[in-house]
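Engineer: Handing over my_file_34.cif, mmCIF, C-alpha atoms and all ligand atoms.
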data_target
loop_
_atom_site.label_atom_id
_atom_site.label_comp_id
_atom_site.auth_asym_id
_atom_site.auth_seq_id
_atom_site.Cartn_x
_atom_site.Cartn_y
_atom_site.Cartn_z
CA MET D 208 0.00 0.00 0.00
CA SER D 209 1.28 3.42 -0.85
CA ASN D 210 1.55 5.91 1.97
CA ILE D 211 0.98 8.94 -0.32
CA LYS D 212 -2.17 10.66 0.76
CA LEU D 213 -4.03 12.64 -1.82
CA LYS D 214 -5.88 15.62 -0.44
CA ARG D 215 -8.76 16.86 -2.44
CA GLY D 216 -10.13 20.42 -2.53
CA ARG D 217 -8.53 23.86 -2.11
CA LYS D 218 -5.69 24.56 0.30
CA PRO D 219 -6.88 26.31 3.44
CA GLY D 220 -6.91 30.10 2.95
CA SER D 221 -7.05 29.99 -0.85
CA GLY D 222 -10.55 31.38 -0.98
CA VAL D 223 -12.21 32.51 -4.20
CA MET D 224 -11.44 36.15 -5.07
CA ARG D 225 -14.44 38.30 -4.43
CA PHE D 226 -15.74 40.07 -7.54
CA LYS D 227 -15.50 43.81 -7.06
CA PRO D 228 -17.65 45.66 -9.58
CA VAL D 229 -16.02 48.77 -11.09
CA VAL D 230 -18.19 51.49 -12.56
CA SER D 231 -16.77 53.30 -15.59
CA THR D 232 -18.31 56.13 -17.55
CA MET D 233 -17.53 57.26 -21.11
CA ALA D 234 -15.43 60.09 -19.60
CA ASP D 235 -12.93 57.47 -18.35
CA PHE D 236 -12.17 56.29 -21.88
CA THR D 237 -10.00 57.95 -24.46
CA TYR D 238 -10.94 57.28 -28.07
CA ASP D 239 -10.42 58.93 -31.41
CA LYS D 240 -13.46 61.21 -31.66
CA SER D 241 -12.86 61.67 -35.38
CA LEU D 242 -13.94 58.03 -35.81
CA PHE D 243 -17.50 59.21 -35.25
CA THR D 244 -17.31 62.42 -37.25
CA PRO D 245 -18.48 62.20 -40.86
CA MET D 246 -16.28 63.72 -43.58
CA PRO D 247 -18.71 65.29 -46.05
CA THR D 248 -17.53 65.73 -49.63
CA GLY D 249 -20.41 68.03 -50.48
CA LYS D 250 -21.48 65.70 -53.31
CA ARG D 251 -24.53 63.49 -53.64
CA VAL D 252 -22.47 60.44 -52.71
CA ASP D 253 -22.41 61.67 -49.08
CA SER D 254 -25.75 60.00 -48.48
CA LEU D 255 -24.26 56.69 -49.67
CA PHE D 256 -21.42 56.90 -47.18
CA SER D 257 -23.41 57.13 -43.95
CA SER D 258 -26.74 58.19 -42.55
CA GLU D 259 -24.86 61.14 -40.98
CA GLY D 260 -24.05 62.34 -44.52
CA GLY D 261 -20.36 61.77 -45.16
CA LEU D 262 -17.56 59.29 -45.10
CA MET D 263 -16.67 57.77 -41.73
CA LYS D 264 -13.14 56.74 -40.74
CA GLY D 265 -12.56 53.02 -40.41
CA THR D 266 -15.35 52.10 -42.80
CA ASN D 267 -15.27 49.28 -45.23
CA TYR D 268 -17.96 49.27 -47.90
CA ALA D 269 -19.36 46.48 -50.03
CA PHE D 270 -20.90 47.97 -53.19
CA VAL D 271 -23.34 45.59 -54.81
CA GLY D 272 -25.75 45.72 -57.72
CA ASP D 273 -26.73 44.00 -60.94
CA PRO D 274 -24.05 43.54 -63.60
CA GLY D 275 -24.12 46.65 -65.79
CA VAL D 276 -25.83 48.83 -63.19
CA GLY D 277 -22.79 51.13 -63.07
CA LYS D 278 -21.04 50.16 -59.83
CA THR D 279 -17.59 50.50 -61.32
CA THR D 280 -18.48 53.92 -62.77
CA VAL D 281 -19.96 55.14 -59.45
CA LEU D 282 -16.86 53.90 -57.64
CA SER D 283 -14.45 55.63 -60.00
CA ASP D 284 -16.43 58.88 -59.46
CA ILE D 285 -16.15 58.36 -55.71
CA GLU D 286 -12.42 57.74 -56.02
CA HIS D 287 -12.01 60.97 -57.95
CA ILE D 288 -14.10 63.01 -55.47
CA LEU D 289 -12.25 61.59 -52.46
CA LYS D 290 -8.81 62.11 -53.99
CA GLU D 291 -9.70 65.78 -54.53
CA ARG D 292 -10.34 65.93 -50.77
CA GLY D 293 -7.04 64.31 -49.92
CA VAL D 294 -8.47 60.85 -49.14
CA ASP D 295 -7.02 57.92 -51.10
CA PRO D 296 -9.59 55.11 -50.97
CA ASN D 297 -8.69 51.50 -51.62
CA ILE D 298 -11.07 50.31 -54.36
CA ILE D 299 -11.07 46.56 -54.90
CA VAL D 300 -12.95 44.80 -57.69
CA PHE D 301 -13.83 41.38 -56.26
CA GLY D 302 -14.19 39.88 -59.76
CA SER D 303 -10.63 40.96 -60.70
CA ALA D 304 -9.15 39.61 -57.46
CA MET D 305 -11.07 36.36 -58.00
CA LEU D 306 -9.84 36.10 -61.59
CA GLU D 307 -6.24 36.30 -60.31
CA GLU D 308 -7.00 33.37 -58.00
CA ALA D 309 -8.55 31.43 -60.91
CA LEU D 310 -5.67 31.94 -63.37
CA SER D 311 -3.92 28.93 -61.84
CA ILE D 312 -6.83 26.72 -62.91
CA GLY D 313 -6.78 28.13 -66.43
CA ILE D 314 -9.62 30.67 -66.23
CA LYS D 315 -8.63 33.72 -68.25
CA ASP D 316 -11.98 35.49 -68.64
CA ARG D 317 -13.92 37.04 -65.73
CA ASP D 318 -17.21 36.10 -67.37
CA ASN D 319 -16.26 32.42 -67.15
CA LEU D 320 -15.89 32.50 -63.36
CA ARG D 321 -19.60 32.10 -62.75
CA LYS D 322 -19.75 29.15 -65.16
CA LEU D 323 -17.43 27.09 -62.96
CA PRO D 324 -18.99 24.42 -60.70
CA VAL D 325 -20.41 26.23 -57.66
CA GLU D 326 -18.13 24.21 -55.33
CA LYS D 327 -15.10 25.64 -57.15
CA GLN D 328 -16.58 29.15 -57.09
CA LYS D 329 -17.14 28.83 -53.34
CA GLU D 330 -13.51 27.89 -52.81
CA LEU D 331 -12.23 30.74 -54.99
CA GLN D 332 -14.67 33.19 -53.40
CA VAL D 333 -13.39 32.50 -49.86
CA LYS D 334 -9.73 32.59 -50.99
CA THR D 335 -10.39 35.92 -52.69
CA ALA D 336 -12.07 37.39 -49.60
CA GLN D 337 -9.08 36.26 -47.48
CA LYS D 338 -6.63 37.84 -49.91
CA ILE D 339 -8.63 41.11 -49.91
CA SER D 340 -8.81 41.26 -46.13
CA ARG D 341 -5.04 40.60 -45.80
CA ASN D 342 -4.08 43.38 -48.19
CA ARG D 343 -6.54 46.14 -47.43
CA LYS D 344 -5.74 49.38 -45.70
CA GLY D 345 -7.56 52.63 -45.04
CA ILE D 346 -11.05 53.21 -46.40
CA VAL D 347 -12.02 50.23 -48.52
CA PHE D 348 -14.68 49.84 -51.21
CA VAL D 349 -15.28 46.37 -52.57
CA ASP D 350 -17.05 46.27 -55.95
CA THR D 351 -19.02 43.03 -55.99
CA HIS D 352 -22.40 41.31 -56.35
CA LEU D 353 -25.15 40.11 -54.01
CA PHE D 354 -25.96 37.22 -56.35
CA ILE D 355 -24.03 35.32 -58.96
CA ASN D 356 -25.97 33.86 -61.85
CA THR D 357 -24.33 30.41 -62.04
CA ASN D 358 -25.25 27.37 -64.16
CA GLU D 359 -26.65 25.85 -60.95
CA GLY D 360 -28.87 28.82 -60.10
CA TYR D 361 -28.22 32.00 -58.14
CA TRP D 362 -25.41 31.75 -55.62
CA PRO D 363 -24.86 34.48 -52.97
CA GLY D 364 -21.91 36.78 -53.61
CA LEU D 365 -21.60 37.41 -49.90
CA PRO D 366 -22.41 34.13 -48.12
CA GLN D 367 -21.69 33.99 -44.39
CA GLU D 368 -18.17 32.62 -44.86
CA VAL D 369 -17.27 35.53 -47.13
CA LEU D 370 -19.03 38.13 -44.98
CA LYS D 371 -17.14 36.92 -41.92
CA VAL D 372 -13.83 37.50 -43.68
CA LEU D 373 -14.68 40.75 -45.46
CA SER D 374 -16.79 42.08 -42.56
CA PRO D 375 -18.04 45.17 -44.35
CA THR D 376 -19.29 47.99 -42.13
CA ASN D 377 -21.67 49.24 -44.84
CA LEU D 378 -23.52 47.66 -47.71
CA VAL D 379 -24.44 49.94 -50.62
CA LEU D 380 -26.87 48.65 -53.24
CA ILE D 381 -26.77 50.47 -56.56
CA GLN D 382 -29.95 50.30 -58.62
CA ALA D 383 -30.87 51.69 -62.04
CA LYS D 384 -33.77 51.53 -64.46
CA PRO D 385 -33.83 48.23 -66.43
CA SER D 386 -33.56 50.17 -69.71
CA GLU D 387 -30.33 51.85 -68.52
CA ILE D 388 -28.88 48.52 -67.40
CA MET D 389 -29.82 46.93 -70.71
CA ASN D 390 -28.14 49.68 -72.73
CA ARG D 391 -24.99 49.49 -70.65
CA ARG D 392 -24.73 45.72 -70.94
CA ASN D 393 -25.40 45.71 -74.66
CA GLU D 394 -22.87 48.48 -75.32
CA ASP D 395 -20.11 46.86 -73.27
CA GLU D 396 -18.13 45.10 -76.00
CA SER D 397 -15.38 44.18 -73.55
CA ARG D 398 -17.62 41.74 -71.71
CA LYS D 399 -19.22 38.42 -72.55
CA ARG D 400 -22.50 39.17 -70.83
CA ASP D 401 -25.53 36.92 -71.28
CA LYS D 402 -28.29 38.02 -73.66
CA ILE D 403 -30.74 39.98 -71.59
CA THR D 404 -34.23 41.38 -71.74
CA LYS D 405 -36.03 43.94 -69.58
CA GLY D 406 -37.89 40.99 -68.05
CA SER D 407 -34.70 39.18 -67.00
CA ILE D 408 -33.36 42.38 -65.41
CA LEU D 409 -36.60 42.88 -63.48
CA THR D 410 -36.33 39.30 -62.20
CA GLU D 411 -32.76 39.96 -61.02
CA GLN D 412 -33.84 43.17 -59.32
CA ASP D 413 -36.66 41.31 -57.56
CA ILE D 414 -34.16 38.81 -56.20
P1 LIG D 501 -17.76 41.94 -62.31
O1 LIG D 501 -16.55 42.43 -63.02
O2 LIG D 501 -18.09 42.76 -61.10
O3 LIG D 501 -18.93 41.76 -63.21
O4 LIG D 501 -17.38 40.48 -61.74
C1 LIG D 501 -16.94 39.46 -62.60
C2 LIG D 501 -17.26 38.12 -62.05
O5 LIG D 501 -16.58 37.93 -60.80
C3 LIG D 501 -18.71 37.88 -61.70
O6 LIG D 501 -19.48 37.54 -62.85
C4 LIG D 501 -18.58 36.69 -60.76
O7 LIG D 501 -18.39 35.51 -61.47
C5 LIG D 501 -17.31 37.02 -60.00
N1 LIG D 501 -17.61 37.65 -58.71
C6 LIG D 501 -17.63 38.96 -58.38
N2 LIG D 501 -17.96 39.13 -57.09
C7 LIG D 501 -18.14 37.89 -56.58
C8 LIG D 501 -18.48 37.37 -55.29
N3 LIG D 501 -18.69 38.16 -54.24
N4 LIG D 501 -18.59 36.02 -55.15
C9 LIG D 501 -18.38 35.19 -56.19
N5 LIG D 501 -18.06 35.62 -57.40
C10 LIG D 501 -17.93 36.94 -57.61
MG MG D 502 -18.28 46.26 -62.81
#
If you took the structure in this file and wrote it as structure tokens, what would it be?
Ligand code: AMP
Ligand code: MG
Structural biologist:
Amino acid sequence: MSNIKLKRGRKPGSGVMRFKPVVSTMADFTYDKSLFTPMPTGKRVDSLFSSEGGLMKGTNYAFVGDPGVGKTTVLSDIEHILKERGVDPNIIVFGSAMLEEALSIGIKDRDNLRKLPVEKQKELQVKTAQKISRNRKGIVFVDTHLFINTNEGYWPGLPQEVLKVLSPTNLVLIQAKPSEIMNRRNEDESRKRDKITKGSILTEQDI
């Protein structure tokens, strides 16, 4: 028989620390007040930036809308306006970043991305979001889509896994009249867009 005695429980005197509540008020904290002060540009885009009417520091926007709605154009206007005010935004086109990821599997055209099997798109989508979040700095605008029209149906552009990584502070949805979208898509020779009708655009807008 062993003569080692095992004692269970706490040593005498090692009582549980009593919880002492501490009351703090906002005056006890120091924080950068400019984080909560909007920077108005004086242009119509101010209402897109925040409900306070201007760009907020530390914001990270996801700009979404139908293909051909004019997101890229709106974003290049915003870039120009902000640069005039001394702010250099970081504008990232999700589709371009995703195409870079897909080059290794032989995809050379951005309009072929959504024709890949959805499983592959999911993988590329998450990798792209991770790459974007690693490289971003300052005020970020991501040009992307809420839905991707794949061969297997509509797939979300910002599923939970992607949202978690990108964690946008603001979501801006750009809309336009179906006739404007149709003209833009039909005039864009650089893209292999699907044939569209006003009806198909209305369906996409409904989604
Ligand atoms: P775009 O130049 O904005 O029309 O994007 C080109 C292509 O990139 C789209 O047709 C999609 O296949 C892909 N893409 C863009 N954003 C996303 C996203 N958030 N998730 C998955 N695919 C995307
Ligand atoms: Mg675009």
Engineer: Within 7 Å of region 376-382 of chain D, counting only C-alpha atoms, which residues show up once you throw out same-chain ones fewer than 6 positions away? Write them as a ChimeraX atom specification, please.
Structural biologist: /D:255,266-272,276,278
Engineer: Give me the chain D side of the contact with ligand MG 502 (chain D), cut-off 12 Å, one line per residue showing its nearest atom pair and distance in Å at one decimal, counting all atoms listed in the file, sorted by chain and residue number, as a tab-separated table.
Structural biologist:
residue	atom	partner	partner_atom	distance
D:Phe270	CA	D:MG502	MG	10.1
D:Val271	CA	D:MG502	MG	9.5
D:Gly272	CA	D:MG502	MG	9.1
D:Asp273	CA	D:MG502	MG	8.9
D:Pro274	CA	D:MG502	MG	6.4
D:Gly275	CA	D:MG502	MG	6.6
D:Val276	CA	D:MG502	MG	8.0
D:Gly277	CA	D:MG502	MG	6.6
D:Lys278	CA	D:MG502	MG	5.6
D:Thr279	CA	D:MG502	MG	4.5
D:Thr280	CA	D:MG502	MG	7.7
D:Val281	CA	D:MG502	MG	9.6
D:Leu282	CA	D:MG502	MG	9.3
D:Ser283	CA	D:MG502	MG	10.5
D:Ile298	CA	D:MG502	MG	11.8
D:Ile299	CA	D:MG502	MG	10.7
D:Val300	CA	D:MG502	MG	7.5
D:Phe301	CA	D:MG502	MG	9.3
D:Gly302	CA	D:MG502	MG	8.2
D:Ser303	CA	D:MG502	MG	9.5
D:Arg317	CA	D:MG502	MG	10.6
D:Asp318	CA	D:MG502	MG	11.2
D:Val349	CA	D:MG502	MG	10.7
D:Asp350	CA	D:MG502	MG	7.0
D:Thr351	CA	D:MG502	MG	7.6
D:His352	CA	D:MG502	MG	9.1
D:Ile381	CA	D:MG502	MG	11.4
D:Ile388	CA	D:MG502	MG	11.8
D:Arg391	CA	D:MG502	MG	10.8
D:Arg392	CA	D:MG502	MG	10.4
D:Asp395	CA	D:MG502	MG	10.6
D:Ser397	CA	D:MG502	MG	11.3
D:Arg398	CA	D:MG502	MG	10.0
D:Arg400	CA	D:MG502	MG	11.5
Engineer: Within 12 Å of (-24.0, 35.1, -60.2) in the file's own coordinates, which protein, DNA or RNA residues have an atom, counting all atoms listed in the file? List them as a ChimeraX atom specification.
Structural biologist: /D:271-274,302,317-325,328-329,332,351-365,400-401,411,414
Engineer: Quick one, how far is CA of Tyr238 (chain D) from CA of Met263 (chain D)?
Structural biologist: 14.8 Å
Engineer: Quick one: residues within 10 Å of Gly249 (chain D), all atoms listed in the file, excluding same-chain residues fewer than 2 positions away - as a PyMOL selection string?
Structural biologist: chain D and resi 246-247+251-254+260-261+288
Engineer: When you count only C-alpha atoms and all ligand atoms, which of these residues is closest to ligand LIG 501 (chain D): D:Lys344, D:Arg215, D:Lys384, D:Lys315?
Structural biologist: D:Lys315
Engineer: For ligand LIG 501 (chain D), I'd like the enclosing box, axis-aligned and padded by 4 Å on every side, reported as AutoDock Vina command-line options with centre and edge lengths in Å to one decimal.
Structural biologist:
--center_x -18.0 --center_y 39.0 --center_z -58.7 --size_x 10.9 --size_y 15.6 --size_z 17.0
Engineer: N, CA, C and O atoms are needed for region 366-377 of chain D; please write them out as a compact mmCIF listing (two decimals), in the coordinates of the input.
Structural biologist:
# COMPACT_ATOMS: atom_id res chain seq x y z
N PRO D 366 -21.92 35.09 -49.11
CA PRO D 366 -22.41 34.13 -48.12
C PRO D 366 -21.69 34.35 -46.78
O PRO D 366 -20.68 35.07 -46.74
N GLN D 367 -22.20 33.72 -45.73
CA GLN D 367 -21.69 33.99 -44.39
C GLN D 367 -20.15 33.88 -44.28
O GLN D 367 -19.51 34.70 -43.65
N GLU D 368 -19.62 32.84 -44.94
CA GLU D 368 -18.17 32.62 -44.86
C GLU D 368 -17.38 33.80 -45.43
O GLU D 368 -16.31 34.14 -44.92
N VAL D 369 -17.94 34.40 -46.50
CA VAL D 369 -17.27 35.53 -47.13
C VAL D 369 -17.49 36.79 -46.30
O VAL D 369 -16.57 37.58 -46.08
N LEU D 370 -18.72 36.96 -45.80
CA LEU D 370 -19.03 38.13 -44.98
C LEU D 370 -18.15 38.18 -43.74
O LEU D 370 -17.69 39.24 -43.34
N LYS D 371 -17.94 37.00 -43.14
CA LYS D 371 -17.14 36.92 -41.92
C LYS D 371 -15.72 37.44 -42.19
O LYS D 371 -15.15 38.15 -41.37
N VAL D 372 -15.19 37.10 -43.35
CA VAL D 372 -13.83 37.50 -43.68
C VAL D 372 -13.77 38.96 -44.10
O VAL D 372 -12.93 39.73 -43.65
N LEU D 373 -14.71 39.37 -44.96
CA LEU D 373 -14.68 40.75 -45.46
C LEU D 373 -15.18 41.74 -44.41
O LEU D 373 -14.78 42.89 -44.40
N SER D 374 -16.09 41.28 -43.58
CA SER D 374 -16.79 42.08 -42.56
C SER D 374 -16.98 43.55 -42.93
O SER D 374 -16.41 44.44 -42.31
N PRO D 375 -17.80 43.78 -43.97
CA PRO D 375 -18.04 45.17 -44.35
C PRO D 375 -18.83 45.91 -43.27
O PRO D 375 -19.67 45.31 -42.60
N THR D 376 -18.52 47.20 -43.10
CA THR D 376 -19.29 47.99 -42.13
C THR D 376 -20.57 48.51 -42.80
O THR D 376 -21.54 48.78 -42.12
N ASN D 377 -20.52 48.70 -44.12
CA ASN D 377 -21.67 49.24 -44.84
C ASN D 377 -21.90 48.46 -46.13
O ASN D 377 -20.95 48.02 -46.76
